[in-house]
Amino acid sequence: MDYPFSEIEKKWQERWAKEHAFAATNDTSKPKFYALVEFPYPSGQGLHVGHPRPYTAMDIVSRKRRMEGYNVLFPMGWDAFGLPTENYAIKNHIHPEIVTEKNVAHFKKQLQMLGFSFDWDREINTTDPAYYHWTQWIFLQLFKKGLAYKKEMSVNWCKSCKVVLANEEVVGGCCERCGGEVVRKEKSQWMLKITAYADRLIDDLSLVDYPDKVRSSQINWIGRSHGAEVDFETNVGEKLRVYTTRPDTLFGATYMVIAPEHPLVDAHKEEISNLDAVLEYRTLAGKKSDFERTELAKDKTGVKLEGVCGINPVTGKEIPIFVSDYVLMTYGTGAIMAVPAHDERDWEFAKKFDLPIIEVVKGGNVQEEAFTDCATGVMTNSGFLNDLSVEEAKKAITAWLEKENKGQAKTNFKLRDWVFSRQRYWGEPIPLVYCEKCGWVPLAEEDLPLMLPAVESYEPTDNGESPLSKLTDWVNTTCPHCGGKATRETDTMPQWAGSSWYYLRYCDPTCLNAPADSKLLDYWLPVDWYNGGMEHTTLHLLYSRFWHKFLYDLGLVSTKEPYTKRTSHGMILGEDGQKMSKSRGNVVNPDEVVANYGADTMRLFEMFIGDFEKTAPWSQSGIKGCRRFAERIWNLQEIVCDGDVRKELEVSLHKTIKKVTEDIENLKFNTAIAAMMSFLNEVTDQGSITKGELAVLMLLLNPFAPHLTEEIWERQQLADKPLYQNAWPVFDPEKCVDKTVEIVIQVCGKIKERMVIAPDAPADEVLAAAKKLPKVADAIEGKTPVKELYVPGKLVNLVVR
RNA sequence: GCGGGUAUGGCGGAAUUGGCAGACGCGCCAGACUUAGGAUCUGGUACUUCGGUGUGCAGGUUCGACCCCUGUUACCCGCACCA
């Protein structure tokens with residue numbers, strides 16, 4: 001019997017679309033479930049076999065939830081602003097809007113061919129003015145609250161993209177997107193004060209269910225540390241402030257180091273007798289890219305400031321000050337106190353420059369190596385701190401510093417503010433104008449959206465300005481505040497802007513007077529389950545949590561966190577175990593897979609391929625196995641007979657329901673499919689399947705293979721309504737227990753025999769029976785019994801000596 | 001260096017969380033049906049000198065360890081001079 005998948009899949013996809021089968025309703029009286037997958041960037045290459053993995057997984061969860069009676073929101077949209085589209089537009093002289101439209105249409109067709117139960121009525125597109133209206137609006141709120149500010153700063157500049165990158169977009173000194181060289185460049189940039197939310201971004205992780213990996217990556221990225229700021233007097237009058245996490249070691253501070261760019265150098269040029277050498281070092285350090293600085297991390301360099309020195313506030317001793325690029329201007333105060341005895345970097349530097357190393361925590365040999373692992377150590381050579389523990393000393397010295405007005409407790413973060421402007425065309429215009437009288441002025445909210453104007457050329461300019469800067473008619477405008485002459489901001493927002501709040505828009509995609517209606521936000525939020533890639537942990541996921549918290553503070557949303565539960569899928573590799581790429585020639589095209597095997601088979605294989613959370617290589621022969629499974633399911637129609645669930649299959653059927661039901665919740669799609677395969681094998685052995693059994697199997701398999709199961713459901717007339725409108729099967733725990741079980745008889749932990757018993761047989765009977773088994777009797781013959789164990793339904797272990 | 005993770009047949013991977021290692025699938029072998037098989041069906045398939053031995057390696061805890069503990073090796077991912 002032929003399995004006409006193309007025909008079936010087309011039929012049901014059309015029918016679902018016509019019936020709006022998977023549209024979420026705004027009936028707020030029903031229990032809701034909001035399932036979210038990361039919306040794709042509609043690239044010109046189209047769908048990749050990696051895309052359907054998370055989509056299928058969440059489709060399975062969504063379909064199951066609907067059958068369980070939830071009002072399910074499972075939306076899809078397009079994160080369509082971005083560089084590849086712009087680059088394509090530049091190369092082919094086509095408007096990015098047209099490129100986007102074409103790519104979206106292609107993507108949508110590909111997604112629809114896989115039968116995902118997205119609510120297409122709620123489709124959104126970040127490049128739609130009705131959408132970016134509210135991206136701009138949120139930016140204005142950030143600006144009004146002082147969380148968006150412009151700053152002249154050293155930024156990451158990708159030479160090949162001619163664009164500024166956020167710290168998160170620089171990977172190993174190279175551009176995350178194009179792999180090109182990234183250099184430092186001074187530019188005036190819009191910044192978002194994500195650092196104002198640093199504490200909450202860490203602390204509120206306790207409110208959500210994220211994988212440890214994601215949680216620890218975010219904590220590590222934000223990098224909170226507790227310590228103290230300490231003011232050191234200098235011989236030139238000015239105080240030099242340092243940050244340290246080890247104020248307890250202050251007595252051991254034998255020198256200081258400042259970053260090459262530190263203002264102390266500029267302020268005291270006169271007093272520095274070796275100024276030339278210092279400035280030369282500064283120039284050299286500035287030329288090094290971040291990458292080189294990291295590469296050379298092991299070899300410490302630096303120059304001593306001759307003529308300027310610091311004074312240790314507790315010992316009163318004069319100590320030298322060095323300039324070195326192992327101290328970063330962008331962290332802490334740009335200056336440190338160096339305690340070589342208890343810090344590896346300081347130790348290395350001190351050895352190189354022959355500086356004194358004073359032990360202040362007992363326990364190590366500080367002349368041999370830095371003793372850093374000293375949390376349990378005791379203070380020494382430290383005046384009034386002597387004999388205190390490290391923890392006590394921290395408290396005592398901090399209290400002393402505060403009393404003496406020489407410093408105070410301080411918390412620092414590695415997280416930097418978010419560089420928010422891009423010198424690009426294809427992004428959201430920043431809705432601000434610059435007026436010489438009034439400074440930066442926001443557009444009136446009723447004037448949003450600020451439409452992206454048409455330009456002749458999308459080429460970025462070499463001087464680092466956005467293509468929009470060439471549009472003088474557009475740039476020159478009037479100040480919304482004073483009516484005088486003003487110019488528009490010509491930079492646009494980064495791609496991460498639109499995706500930072502898209503999950504809100506799905507709740508109410510056509511709302512005209514707000515990002516979304518607050519009643520609907522209250523109903524749908526938070527997102528119950530959000531699946532996405534690990535690569536977004538410190539980008540999208542962190543950014544959107546930040547925006548959500550800001551909107552929470554504004555009162556727009558009523559949950560502290562946007563996503564209750566986050567899961568991550570593993571990548572699908574090429575058949576050769578390598579990342580799929582055009583250059584390796586190992587790319588699998590999903591269109592071909594669907595054409596050859598059908599969407600249901602593709603979906604099954606994407607789920608059966610391996611542990612959902614781990615990477616897995618594609619396999620041509622593996623997909624054939626799933627195709628065989630689909631065909632065998634289809635052919636069940638040849639052996640179907642009337643009747644309910646038969647007694648002899650009842651236990652396996654209920655066990656299968658239990659397994660599939662639980663496995664879906666735990667992302668164990670591979671074993672859920674394996675369980676259904678096992679049940680199919682059992683039914684095949686029986687030579688027949690009753691309609692009652694078939695109906696349950698179809699319901700269980702439906703989320704995985706929706707077209708196939710709907711068709712069988714209809715052909716076999718298993719119910720009046722189409723399958724998707726029926727309820728998820730429920731297992732009876734009592735029917736999941738076998739009538740008899742086979743247990744193992746061990747002697748001293750070695751398996752000797754097996755025995756079939758009733759699961760609730762009393763222990764003494766089982767033990768007695770076990771001892772009579774010939775091999776067991778042989779093994780214990782003549783030995784002294786030590787212990788007799790019976791684990792009900794599992795095993796007997798007889799320990800003898 | 002720091003953080004997270006992984007290691008099981010020829011391959012992808014299971015193992016109810018301390019209780020029968022290798023479910024399920026692929027591949028392979030044999031058979032059936034066939035003019036034919038890269039189709040379908042049936043059976044077999046960790047290794048073995050048939051005593052046993054086996055979850056990267058070495059120890060430990062336990063009646064019992066893929067699972068817990070200590071040490072170690074290899075690989076993957078993220079961060080990385082953050083004071």
# chains A, B, ... in the order shown; residues from 1 in each chain; ligands from 1

call {"tool": "select_by_dssp", "arguments": {"residues": "range 287-356 of chain A", "states": "strand (DSSP E)", "output": "list in words"}}
result
Val303, Lys304, Leu305, Glu306, Gly307, Val308, Cys309, Gly310, Ile311, Glu318, Ile319, Pro320, Ile321, Phe322, Val323, Ala335, Ile336, Met337 and Ala338 of chain A

call {"tool": "residues_around", "arguments": {"residues": "range 12-19 of chain B", "least_positions_apart": "3", "cutoff": "7 Å", "atoms": "only C-alpha atoms (C1' of nucleotides)", "output": "list in words"}}
result
Ile609, Gly610, Lys794 and Leu795 of chain A; A23, G64, A65 and C67 of chain B

call {"tool": "interface_residues", "arguments": {"of": "chain B", "to": "chain A", "cutoff": "7 Å", "atoms": "only C-alpha atoms (C1' of nucleotides)", "output": "JSON, numbers by chain"}}
result
{"B": [4, 12, 13, 19, 20, 24, 25, 26, 63, 64, 78, 81, 82, 83]}

call {"tool": "residues_around", "arguments": {"residues": "Pro509 in chain A", "least_positions_apart": "6", "cutoff": "10 Å", "atoms": "only C-alpha atoms (C1' of nucleotides)", "output": "number ranges by chain"}}
result
A: 121-125, 130-131, 502-503, 515-517

call {"tool": "select_by_dssp", "arguments": {"residues": "range 262-463 of chain A", "states": "alpha helix (DSSP H)", "output": "PyMOL selection string"}}
result
chain A and resi 263-267+275-287+290-295+344-353+390-403

call {"tool": "atom_distance", "arguments": {"atom1": "CA of Thr461 in chain A", "atom2": "CA of Ala89 in chain A"}}
result
15.4 Å

call {"tool": "residues_around", "arguments": {"residues": "A32 in chain B", "least_positions_apart": "6", "cutoff": "12 Å", "atoms": "only C-alpha atoms (C1' of nucleotides)", "output": "ChimeraX atom specification"}}
result
/B:40-43

call {"tool": "closest_residue", "arguments": {"among": "B:C33, B:C28, B:C57, B:C2", "to": "U45 in chain B", "atoms": "only C-alpha atoms (C1' of nucleotides)"}}
result
B:C28
